[in-house]
Structure formats: C-alpha cells, structure tokens
Number of protein chains: 4
Amino acid sequence: MSMSEELVDHEEAPVSSATGRPLTKRGEATRRRLLEAAELVFAEQGYHEASIVKITERAGIGLGTFYLYFDSKQAIFEALVLDLNRRVRHSMSEAMAGASSRLEAERAGFAGFFRFTAEHPALYRVVREAEFVSPEVLRLHYTRIVEGYEAGLRAAQAAGDVDRGLDPQTTAWALMGMGELIGMRFLLWERDADGKPPAELDPVVFAGMTRIIDNALAPRTGSGDGGKEA
Amino acid sequence: MSMSEELVDHEEAPVSSATGRPLTKRGEATRRRLLEAAELVFAEQGYHEASIVKITERAGIGLGTFYLYFDSKQAIFEALVLDLNRRVRHSMSEAMAGASSRLEAERAGFAGFFRFTAEHPALYRVVREAEFVSPEVLRLHYTRIVEGYEAGLRAAQAAGDVDRGLDPQTTAWALMGMGELIGMRFLLWERDADGKPPAELDPVVFAGMTRIIDNALAPRTGSGDGGKEA
Amino acid sequence: MSMSEELVDHEEAPVSSATGRPLTKRGEATRRRLLEAAELVFAEQGYHEASIVKITERAGIGLGTFYLYFDSKQAIFEALVLDLNRRVRHSMSEAMAGASSRLEAERAGFAGFFRFTAEHPALYRVVREAEFVSPEVLRLHYTRIVEGYEAGLRAAQAAGDVDRGLDPQTTAWALMGMGELIGMRFLLWERDADGKPPAELDPVVFAGMTRIIDNALAPRTGSGDGGKEA
Amino acid sequence: MSMSEELVDHEEAPVSSATGRPLTKRGEATRRRLLEAAELVFAEQGYHEASIVKITERAGIGLGTFYLYFDSKQAIFEALVLDLNRRVRHSMSEAMAGASSRLEAERAGFAGFFRFTAEHPALYRVVREAEFVSPEVLRLHYTRIVEGYEAGLRAAQAAGDVDRGLDPQTTAWALMGMGELIGMRFLLWERDADGKPPAELDPVVFAGMTRIIDNALAPRTGSGDGGKEA
DNA sequence: AATGAATGAGAATTCATTCAT
DNA sequence: GATGAATGAATTCTCATTCAT
C-alpha cells in the first residue's frame, strides 16, 4: 500500500529490489527494458488487464527476473508514472524555453504536453486508472505539473502578463484539466483512416485551445482585477 | 466487451436479465437496490476491487440474484454510468434553468456539476476507470455532457453573449476538463478536520473558476473575433 | 499467523470460511471430505509437499471450493490436527475405560494410542512437521494429551497404585515421548513383505513397552518415595 | 531424494561439489561457514522457510558459491543432520565416560543430550521436519543414537545392572523418545523472563526423569525377570 | 574460487459466473 | 424470484538452481 521511497524527483541510481544493492550496467538495462515494456502494455491494456507475464514477455525477459527489479506490479506502475511525469514536465519546460511572452509560453507548453501525450498514451491512460491503484503517485503526478504552472502564473501576474484577478492555483488546475480532456478527446480517441492515432492535435482544435487560454489569461483591460490595474 | 442495448438515453422499463421480461414492481426495487449498492461500492473501492459479492451483500440480496438483473459486472457498471450521467445532466440543466445570462447560466451549470460530484463521487471515480472497462460508455458519458454544452455555446455565440472566436466543440471539451479536474482536486481530494469530504467547492476556488470562465467566454471587446464584431 | 478460533475442544458447528454462516448439510459433507482428503495427502506427502490442488483432487471437488471451507492450507492443517487430537484422545480413553488397575489402564491407553497411530499415520507425521507451521496447535496437541495422562497419574499416586516419587508432569511427557518414538519406529517405519504397514505393534515390542511402563510406574517396595511410604 | 554418499560416520575430507576434488584449506573454511549458517537458519526458520539465499547471506558468501560445496538444499540439510548427529553422540558418550554405574551413566548420558539440545536447537527442529525431506538420514540419525544405547543396555543386563526382563531395542527407543519430548517441552518451549531459552533442564524435571529411568531400568528384586533371576 | 543475474516451474489465492434447489 | 455452493481460469509471487563472468 505504501509507496516506495523513490518518489523523490531526482534521477537516482535504482537499486535491486531483491538485494537493495545498486544495479550493475546490465541490471540497469534490464530495468529499463521492463519499464519500456510496462509502458506499452499498460497503454494498450490498462493497469488491471496488464499482467507481469505480459510485461516480461514483451520485455523478452524471464518472469522471475521481474522481481529482481520491482517488488510488485504496483511498484513498476509507480515507477513508470514517476518516470513519465518527469519526462512530460521536461518536455513541457523545454517547449516553453524559447517563448517570448507568457501567452506564447503557455501555448508552447500545451503543445509540448500534447506532443508527449501523443507519443506516450500510457501516461494518460495509466494515470486515469491510478486513483485506486496508487493514490499517492496520482496526486504527486498532478501536483508536480500543477506546481510548475502555478509558479509561472504568479510570475506572469506580477509582470502584468496575466490577469491578476485569477487565482493561480485554481487556474493551474483548470488549465491542467483542459489539457487532459482535450488530449483525451482529440488525440487518444481520434483515429485516421488507417486506424492510426494522430501524431499531433488538429490545428483547429489547437487554435481553439489557444483562444480559450488567451481569453482566460489575458489581463483585463478596462475592468480591473481587484482595483490594482490602472 | 460489447455494451448492452440500454445505452439509449430515456428511462425505459428494465427487463429481467434472465427471462427478458419486464420486471415486476418487486423486481424493480431489487434492481434499484443493486444499482445503489454498486454506486457505493464502486465509489469506495473502484471497479476492479469491487466484487459482485460485495455489491450483493451491500444490497442485502443473494449473490445469485444479481444475475437476474444484470448480465455481468460490466453490465451493471455500464448501467450505473448511464444512470449517473442522466442524473448529472439533469442536475446541471436544472441549475441553469433560471439563469438570466449566459455567463450566469455557465456558473450555475458548474455549480450543479460540483454539487452532484460531491454527492456522487462514484461518477467521478468510476468514469476515470472506465476507459479499459467499457470505452463506449465512457465516450457516451462525456459526449452527452459536452453536446449540451456545445449547443448552449453556439446559441450564446449567436446571441453575442459568448466570444464568437471560440470553437464551440473545443471549448466545450475544455470546460468539461476544467470542471473535472477542479472537482477532483478540490472536492474529492479535500478532507476537513473530521476526514469528511466537503459538501461543496471552496468559495475562493469557485470564484476562481468563475473568473476563468468569464474571461474565456466573454465576447472580446475591441479586438474582434475574426472581424465579425463591431 | 494466528490460529482460528476453533481451538476449543468441543465439537462445534463449523461455519463457512467465506460467509461466516453455519454450514448446510451439504456443506458439512463437503467440509468432511476435505478433511479426510487432507489427512491422506498430509500423511503421504507431508505438509509442505501437499498442495491445495492435491487435496481438492483427492476430495473430488473443485479447487475454489476449498476456500469456502478453509481460509488457507494452514487453516485446514490446524483443523485437521485438532480433529485428530480429539479422536486420538477419545480412542485412548475408550481403551482405558474397562481397565481394572492403573497399570492395566496404562497398557490399554498405549494400545489405543498405537492402534490410532497405525490407522492414522497423518497424526504422527503432520504433528512432527508442525513446529514451524503452527506452533500453537502443536503445543495444544501435546498438552491436551499430556494433561489427561497427568491427571490419571496423580489419581493413581493418591491411590497408591503409582510410585509417589515420580513427578507427574515430567512422567506424563516422558510416557508421551516413549509412545511417540515407539510408534514411529515400530509402526510407521515397519513394512511387511508386501510393503504394507502393520496394523498393530509387534507383540515383543508391546510387551517390552509394558515392562518399561510397569517398572517405571510401579510403587517402590522397600525404598520409599521420599520416606512417605510405610 | 537419494542421499549423497557421505552418510558414513567418520569425518572424511569433504570434496568440492562441483569438481569432486578435495577442498583447499580456504574451501574447508567456506564449507564450515555454510554449515554453521545453515544450522542457525534451519533452527530459526525450519527447513522449508529457510532458503539458500538466507543461508549464504548469513554465511557472508555469494549465492552461487553455495553450489560449489553442496549439490542442493537437501544435501546441506543431510550433511548438517549427520554432523549434528556425530556431535550429539560425542557429547553423550563423553558425558557418560566417567560414570561408575550403569544408572549413573544413563543419567549422565541424558544430561549430555539435554546440554547439546539446549545449545543446538537445530538438531531437534531439523530432525522433526526430516521425515519428508530425507527419510534416510532421519532414520540414520535415530538409529545411530539408539544403537549405542542398546549396546550399553545389553552389557548392563549381562552385568546384572539392568532389569533383564527389558527388551533392549524397545527400551532404547523408549528412552530416546523420553529424552526427545522432555527436551522439547522443557528446553525448547521454555522461555525465561527475558524470552531466552534455558541453558539446561529444570532440576525438578531432571530429577523426575532420573527417577523414571531408575525405576524403568533397575533390576527387579523379588519377582524375577521372567524367572531367570535367582 | 567466487559471484549474482536470470530463469520458470509451481504454489496459494481470488472471483465472475453457473445452476440445482 | 431468490439463493448460495461449486467451479476453474487466471494472477501474483517465491525460490532452488544454472551459468556467464
């Protein structure tokens, strides 16, 4: 029930689940293959349909070997969510890096998020199942993303780039929710003629999102945000 | 995997799962008790942890009796989602009924949604697990809610109450996403001192949401929505 | 780790392990078949080699059915030991019932014990494996038998039929040990020409045992038991 | 299932399990550490709960190294039983060495046995589990001890120190059984206030045992041993 | 001589579903 | 209509043993 201790954010040397010792190079590779297989299997079948056997078969590894690296199905699930979380945030912040304005950064951040989602449907699917599997990681996942958002919003508000009347925390969760459902609807549910999912969001939808965000965040002209504006 | 045929929207006379005949009054009551028990059990334990035994025990009926009313665990799950979906939409449209403006209606709709969420956490939890259990009902659930939104948005755009630059479909999904994550974060995750979940959204959060929606939807003054505004 | 509550001595209505309700007649029969199968399988293969599948196959019932009656392999093990314990004590006291003297009773008791051992090798084998499986039942088993012995010895000492210099508790354990090892060596290890185990103890051995017991217990003539005898 | 060939009694140069060659001095030490670790682990956890990993960890050597010294888990078990058997017999005969009479020797032998049992609970525990692990060593263990006893009894009977009416073999097994159960009950089950097992038998119990043995073995005065005595 | 990563057969246990009563 | 005993496929996890280093 309790999470493993590896919930810290920083990449740290993974240890053998059996002996507690740090992994050899060979061990590291095996662990990585397991995580990659788990991502695929979880994405295709969901957490509950996935089984250790399916994961190890996909990884091309013996069943028993799994337990040298993870204590349980839940443990690899948590490790995977944390791994994907780290990567999606990396993807987002990289995308936002070159932006010249807050709104542009916002758009870029969403674009990065959607790109990652399209490439890693597992993140999406697995997280939505996580509430009863591992509530702690679920919360950690969302909270970590939201915290970045929130800090950005506060800074932008201070700089006058974002409506000061918005509550940063609420806004951050709201934006997160928008991104999640838009991604689900227009990336994961969408299939082209060949049954392939799209690599990126439909331009109309992306433009639509951009407009909503622009509207929502733009400093209000005229009506003040609690009197602080001229 | 396939949905039962009862995906239609209207309340219709439920039939015995065994004989296919319409239920007697007594049968109706038993079916209702099963659905109520399922709502509680699914909400507390999630779909996979829930078991037929737990549901029938909670309902106070015999295990075998379950199969007189539902073909399978998945069947009651789908029936429950559809039932809750009907009720949440009812709750929302009722709340919006007396509103005098589009924005006010929007706020009222969200308020209705959050109220229902607080009272029926099952809707939330069950839906988030539904992707791998019954993708069809999952989509149906979201789509039905969104369709109402979308129609309202189009009408309001036509009336000039909502920014005509917004894409109604995208906007509807975005608003839905906002509501979902705000509800998750500030209703379902929140516990007061006694460990009880709050009956309604924190006023600050609700005000925050309102501001976001107001911003996002309000017709833009000055800059047009593609030149159509004066 | 903890024993079930049924460690009390008296025959009591067994309950369903799943529902906690008392068993129907059909249920009682199934439970009895499981216990009988378990006795055979445990006797032949020992506790660790025995498996639930082997037991249910022997009983001619489905694997899952086992868990309607017992929580685990350990649970049926404990139930079996307690059941056999009750029966071996019954067998012994019945054998002793008609004896006219203490020494004769002693002999008859051992005879009853050996008869039971020959018919139910499981008791023997299973108990010797029990120390790491279920220490509590192991102790209960020995203690219950010894207590009967001890009480009989005290009474016989008071009546002057048994050497008053003997410590009743120590003596009871010593006699129990004698019986156990003699039974193991001369009943369980012994095979006749056809590979069949003997139905009863070799007369020479039984006579040998009798002599030891007679010697050990008989009141000392001449030398007193600490000066209390005339 | 079959025993290794090392069942012979005499200490002989152990060989590598892998190469079959005699061990170097360093190898000897490793083997000894494995046996010592096995004794501790088997005593604490029993045969089935013990695992090779636990044993090698306790011994402070690598897992794979185990198989350089023993073919299997069963092999080290058998080696351990034989080793302990040799030592307990040594302990007993040493204790009996200086005795001036048969009865005194008997008492001293038991004392030696109990001392060894208190120091090496593994012997006890492991032997009681051995019936299904390795019946041959189990029998060998008991038989070797009993044979010594039996020879002693015959000699003492010839010398008139022990009741000639006793069957030596039966008596030897009976005495062995007494010792086993008394040891189990009053050494292994006993814990002092600190939870520590006692280092030796309670004096009352030991005196009790002595009396039983004295009674059982002492030549009968008056009534003969089947008429052969004068 | 020593090591520990890899393996897979095998065990216990769960639970949706059936069906005789 | 109602019931609950029976079922067995499927899942997770353990551990003795092998073998490349």
# chains A, B, ... in the order shown; residues from 1 in each chain; ligands from 1
$ residues_around --residues "range 175-177 of chain B" --least-positions-apart "6" --cutoff "6 Å" --atoms "only C-alpha atoms (C1' of nucleotides)" --output "list in words"
Gly177, Met178 and Leu181 of chain A
$ write_last_selection --atoms "C-alpha atoms" --output "PDB file, in the first residue's frame"
ATOM      1  CA  GLY A 177      -7.927  19.741 -16.787  1.00  0.00           C
ATOM      2  CA  MET A 178      -8.437  21.411 -20.127  1.00  0.00           C
ATOM      3  CA  LEU A 181      -9.614  16.263 -21.700  1.00  0.00           C
TER       4      LEU A 181
END
$ interface_residues --of "chain B" --to "chain A" --cutoff "8 Å" --atoms "only C-alpha atoms" --output "ChimeraX atom specification"
/B:45-46,48,125,128-129,131-132,165-167,170-171,173-182,185,204-205,208-209,211-217
$ write_last_selection --atoms "N, CA, C and O atoms" --output "compact mmCIF listing (two decimals), in the first residue's frame"
# COMPACT_ATOMS: atom_id res chain seq x y z
N GLN B 45 -14.33 1.47 -3.64
CA GLN B 45 -13.27 0.53 -3.93
C GLN B 45 -12.79 0.57 -5.38
O GLN B 45 -11.79 -0.06 -5.70
N GLY B 46 -13.53 1.24 -6.21
CA GLY B 46 -13.17 1.21 -7.63
C GLY B 46 -13.73 -0.02 -8.30
O GLY B 46 -14.17 -0.97 -7.64
N HIS B 48 -12.35 -2.48 -10.11
CA HIS B 48 -11.70 -3.79 -10.04
C HIS B 48 -11.70 -4.39 -8.64
O HIS B 48 -11.77 -5.60 -8.49
N ARG B 125 -15.14 8.68 -10.02
CA ARG B 125 -14.15 7.62 -9.90
C ARG B 125 -14.36 6.54 -10.93
O ARG B 125 -13.43 6.01 -11.53
N ARG B 128 -13.35 7.56 -14.48
CA ARG B 128 -11.92 7.59 -14.75
C ARG B 128 -11.33 6.19 -14.91
O ARG B 128 -10.28 6.02 -15.52
N GLU B 129 -12.02 5.21 -14.37
CA GLU B 129 -11.54 3.84 -14.56
C GLU B 129 -12.13 3.21 -15.82
O GLU B 129 -11.79 2.09 -16.17
N GLU B 131 -12.12 3.66 -19.05
CA GLU B 131 -11.52 3.56 -20.38
C GLU B 131 -11.23 2.12 -20.80
O GLU B 131 -11.43 1.76 -21.95
N PHE B 132 -10.79 1.32 -19.85
CA PHE B 132 -10.47 -0.05 -20.21
C PHE B 132 -11.58 -1.03 -19.86
O PHE B 132 -11.49 -2.21 -20.13
N GLY B 165 -15.12 33.96 -31.48
CA GLY B 165 -13.87 33.39 -31.97
C GLY B 165 -13.58 32.01 -31.41
O GLY B 165 -12.65 31.32 -31.83
N LEU B 166 -14.37 31.60 -30.44
CA LEU B 166 -14.13 30.28 -29.84
C LEU B 166 -14.73 29.17 -30.67
O LEU B 166 -15.84 29.31 -31.19
N ASP B 167 -14.01 28.06 -30.74
CA ASP B 167 -14.58 26.89 -31.39
C ASP B 167 -15.47 26.17 -30.37
O ASP B 167 -14.98 25.73 -29.32
N THR B 170 -14.35 22.48 -29.18
CA THR B 170 -13.13 22.53 -28.37
C THR B 170 -13.40 23.17 -27.01
O THR B 170 -12.97 22.66 -25.97
N THR B 171 -14.14 24.24 -27.05
CA THR B 171 -14.42 24.94 -25.80
C THR B 171 -15.22 24.07 -24.84
O THR B 171 -14.94 24.03 -23.64
N TRP B 173 -15.25 20.83 -24.61
CA TRP B 173 -14.37 19.82 -24.01
C TRP B 173 -13.42 20.46 -23.00
O TRP B 173 -13.13 19.89 -21.93
N ALA B 174 -12.96 21.64 -23.32
CA ALA B 174 -12.04 22.29 -22.40
C ALA B 174 -12.75 22.61 -21.08
O ALA B 174 -12.19 22.37 -19.99
N LEU B 175 -13.96 23.10 -21.16
CA LEU B 175 -14.70 23.43 -19.93
C LEU B 175 -14.97 22.17 -19.12
O LEU B 175 -14.85 22.14 -17.89
N MET B 176 -15.34 21.14 -19.83
CA MET B 176 -15.58 19.85 -19.17
C MET B 176 -14.32 19.41 -18.41
O MET B 176 -14.38 18.95 -17.25
N GLY B 177 -13.19 19.53 -19.05
CA GLY B 177 -11.93 19.15 -18.41
C GLY B 177 -11.64 19.99 -17.19
O GLY B 177 -11.19 19.48 -16.15
N MET B 178 -11.87 21.27 -17.31
CA MET B 178 -11.66 22.14 -16.15
C MET B 178 -12.51 21.68 -14.98
O MET B 178 -12.02 21.53 -13.85
N GLY B 179 -13.78 21.47 -15.27
CA GLY B 179 -14.68 21.04 -14.20
C GLY B 179 -14.22 19.73 -13.58
O GLY B 179 -14.23 19.55 -12.35
N GLU B 180 -13.78 18.81 -14.41
CA GLU B 180 -13.40 17.50 -13.89
C GLU B 180 -12.21 17.59 -12.94
O GLU B 180 -12.24 17.04 -11.84
N LEU B 181 -11.20 18.30 -13.37
CA LEU B 181 -10.01 18.33 -12.51
C LEU B 181 -10.20 19.21 -11.28
O LEU B 181 -9.70 18.88 -10.20
N ILE B 182 -10.93 20.31 -11.45
CA ILE B 182 -11.22 21.13 -10.27
C ILE B 182 -12.03 20.30 -9.26
O ILE B 182 -11.77 20.33 -8.05
N ARG B 185 -9.71 17.72 -7.61
CA ARG B 185 -8.73 18.31 -6.68
C ARG B 185 -9.38 18.92 -5.45
O ARG B 185 -8.91 18.72 -4.34
N VAL B 204 -13.37 30.41 -2.62
CA VAL B 204 -12.27 31.01 -3.37
C VAL B 204 -12.05 30.26 -4.69
O VAL B 204 -11.88 30.87 -5.75
N VAL B 205 -12.09 28.95 -4.62
CA VAL B 205 -11.90 28.16 -5.83
C VAL B 205 -13.05 28.41 -6.80
O VAL B 205 -12.84 28.58 -8.01
N GLY B 208 -12.62 31.59 -8.36
CA GLY B 208 -11.52 31.46 -9.32
C GLY B 208 -12.00 30.86 -10.63
O GLY B 208 -11.67 31.34 -11.72
N MET B 209 -12.78 29.82 -10.52
CA MET B 209 -13.30 29.18 -11.72
C MET B 209 -14.18 30.14 -12.52
O MET B 209 -14.12 30.20 -13.75
N ARG B 211 -14.11 33.29 -12.63
CA ARG B 211 -13.29 34.29 -13.32
C ARG B 211 -12.68 33.71 -14.61
O ARG B 211 -12.69 34.35 -15.65
N ILE B 212 -12.20 32.50 -14.51
CA ILE B 212 -11.61 31.88 -15.70
C ILE B 212 -12.66 31.74 -16.80
O ILE B 212 -12.44 32.10 -17.96
N ILE B 213 -13.81 31.26 -16.42
CA ILE B 213 -14.87 31.05 -17.40
C ILE B 213 -15.32 32.39 -17.98
O ILE B 213 -15.47 32.54 -19.20
N ASP B 214 -15.51 33.34 -17.10
CA ASP B 214 -15.90 34.66 -17.58
C ASP B 214 -14.89 35.16 -18.60
O ASP B 214 -15.25 35.58 -19.71
N ASN B 215 -13.65 35.11 -18.21
CA ASN B 215 -12.59 35.54 -19.12
C ASN B 215 -12.64 34.78 -20.43
O ASN B 215 -12.59 35.36 -21.52
N ALA B 216 -12.73 33.49 -20.31
CA ALA B 216 -12.60 32.66 -21.51
C ALA B 216 -13.76 32.88 -22.48
O ALA B 216 -13.57 32.90 -23.70
N LEU B 217 -14.95 33.06 -21.92
CA LEU B 217 -16.13 33.10 -22.78
C LEU B 217 -16.56 34.50 -23.20
O LEU B 217 -17.20 34.66 -24.26
$ interface_residues --of "chain E" --to "chain B" --cutoff "9 Å" --atoms "only C-alpha atoms (C1' of nucleotides)" --output "list in words"
DC15, DA16 and DT17 of chain E
$ select_by_dssp --residues "range 31-206 of chain D" --states "alpha helix (DSSP H)" --output "MDAnalysis selection string"
chainID D and resid 31:49 52:59 66:69 73:97 102:119 121:129 135:158 168:183 203:206
$ closest_atom_pairs --of "chain B" --to "chain F" --cutoff "9 Å" --atoms "only C-alpha atoms (C1' of nucleotides)" --output "JSON lines"
{"residue": "B:Gly27", "atom": "CA", "partner": "F:DG1", "partner_atom": "C1'", "distance": 8.0}
{"residue": "B:Ile61", "atom": "CA", "partner": "F:DA2", "partner_atom": "C1'", "distance": 8.3}
{"residue": "B:Gly62", "atom": "CA", "partner": "F:DT3", "partner_atom": "C1'", "distance": 5.6}
{"residue": "B:Leu63", "atom": "CA", "partner": "F:DG4", "partner_atom": "C1'", "distance": 6.7}
{"residue": "B:Gly64", "atom": "CA", "partner": "F:DT3", "partner_atom": "C1'", "distance": 6.0}
{"residue": "B:Thr65", "atom": "CA", "partner": "F:DA2", "partner_atom": "C1'", "distance": 6.0}
{"residue": "B:Leu68", "atom": "CA", "partner": "F:DG1", "partner_atom": "C1'", "distance": 8.6}
$ write_last_selection --atoms "all heavy atoms" --output "short mmCIF file (atom, residue, chain, number, x, y, z; two decimals), in the first residue's frame"
data_model
loop_
_atom_site.label_atom_id
_atom_site.label_comp_id
_atom_site.auth_asym_id
_atom_site.auth_seq_id
_atom_site.Cartn_x
_atom_site.Cartn_y
_atom_site.Cartn_z
N GLY B 27 -39.35 -6.60 -8.48
CA GLY B 27 -38.11 -6.72 -9.24
C GLY B 27 -37.46 -5.35 -9.45
O GLY B 27 -36.24 -5.22 -9.32
N ILE B 61 -28.98 -8.68 -0.76
CA ILE B 61 -29.65 -9.73 -1.51
C ILE B 61 -28.68 -10.86 -1.82
O ILE B 61 -27.48 -10.73 -1.61
CB ILE B 61 -30.25 -9.20 -2.83
CG1 ILE B 61 -29.12 -8.79 -3.76
CG2 ILE B 61 -31.20 -8.06 -2.58
CD1 ILE B 61 -29.61 -8.38 -5.10
N GLY B 62 -29.23 -11.95 -2.27
CA GLY B 62 -28.40 -13.12 -2.53
C GLY B 62 -27.52 -12.94 -3.75
O GLY B 62 -27.88 -12.22 -4.68
N LEU B 63 -26.39 -13.61 -3.70
CA LEU B 63 -25.42 -13.48 -4.80
C LEU B 63 -26.04 -13.83 -6.14
O LEU B 63 -25.93 -13.10 -7.13
CB LEU B 63 -24.23 -14.40 -4.51
CG LEU B 63 -23.27 -14.68 -5.67
CD1 LEU B 63 -22.68 -13.39 -6.20
CD2 LEU B 63 -22.15 -15.59 -5.19
N GLY B 64 -26.71 -14.96 -6.19
CA GLY B 64 -27.27 -15.43 -7.45
C GLY B 64 -28.29 -14.47 -8.04
O GLY B 64 -28.46 -14.38 -9.26
N THR B 65 -28.95 -13.76 -7.16
CA THR B 65 -29.99 -12.83 -7.61
C THR B 65 -29.44 -11.75 -8.55
O THR B 65 -30.16 -11.27 -9.43
CB THR B 65 -30.64 -12.18 -6.38
OG1 THR B 65 -31.00 -13.20 -5.47
CG2 THR B 65 -31.87 -11.38 -6.76
N LEU B 68 -30.07 -12.11 -12.13
CA LEU B 68 -31.42 -11.94 -12.65
C LEU B 68 -31.59 -10.53 -13.21
O LEU B 68 -32.49 -10.28 -14.00
CB LEU B 68 -32.44 -12.19 -11.55
CG LEU B 68 -32.48 -13.60 -10.96
CD1 LEU B 68 -33.51 -13.67 -9.85
CD2 LEU B 68 -32.77 -14.61 -12.05
#
$ atom_distance --atom1 "CA of Arg31 in chain B" --atom2 "CA of Ile55 in chain B"
11.7 Å
$ residues_around --residues "Gly98 in chain D" --least-positions-apart "5" --cutoff "12 Å" --atoms "only C-alpha atoms (C1' of nucleotides)" --output "list of chain:residue names"
D:Met92, D:Ser93, D:Glu104, D:Ala105, D:Glu106, D:Arg107, D:Ala108, D:Gly109
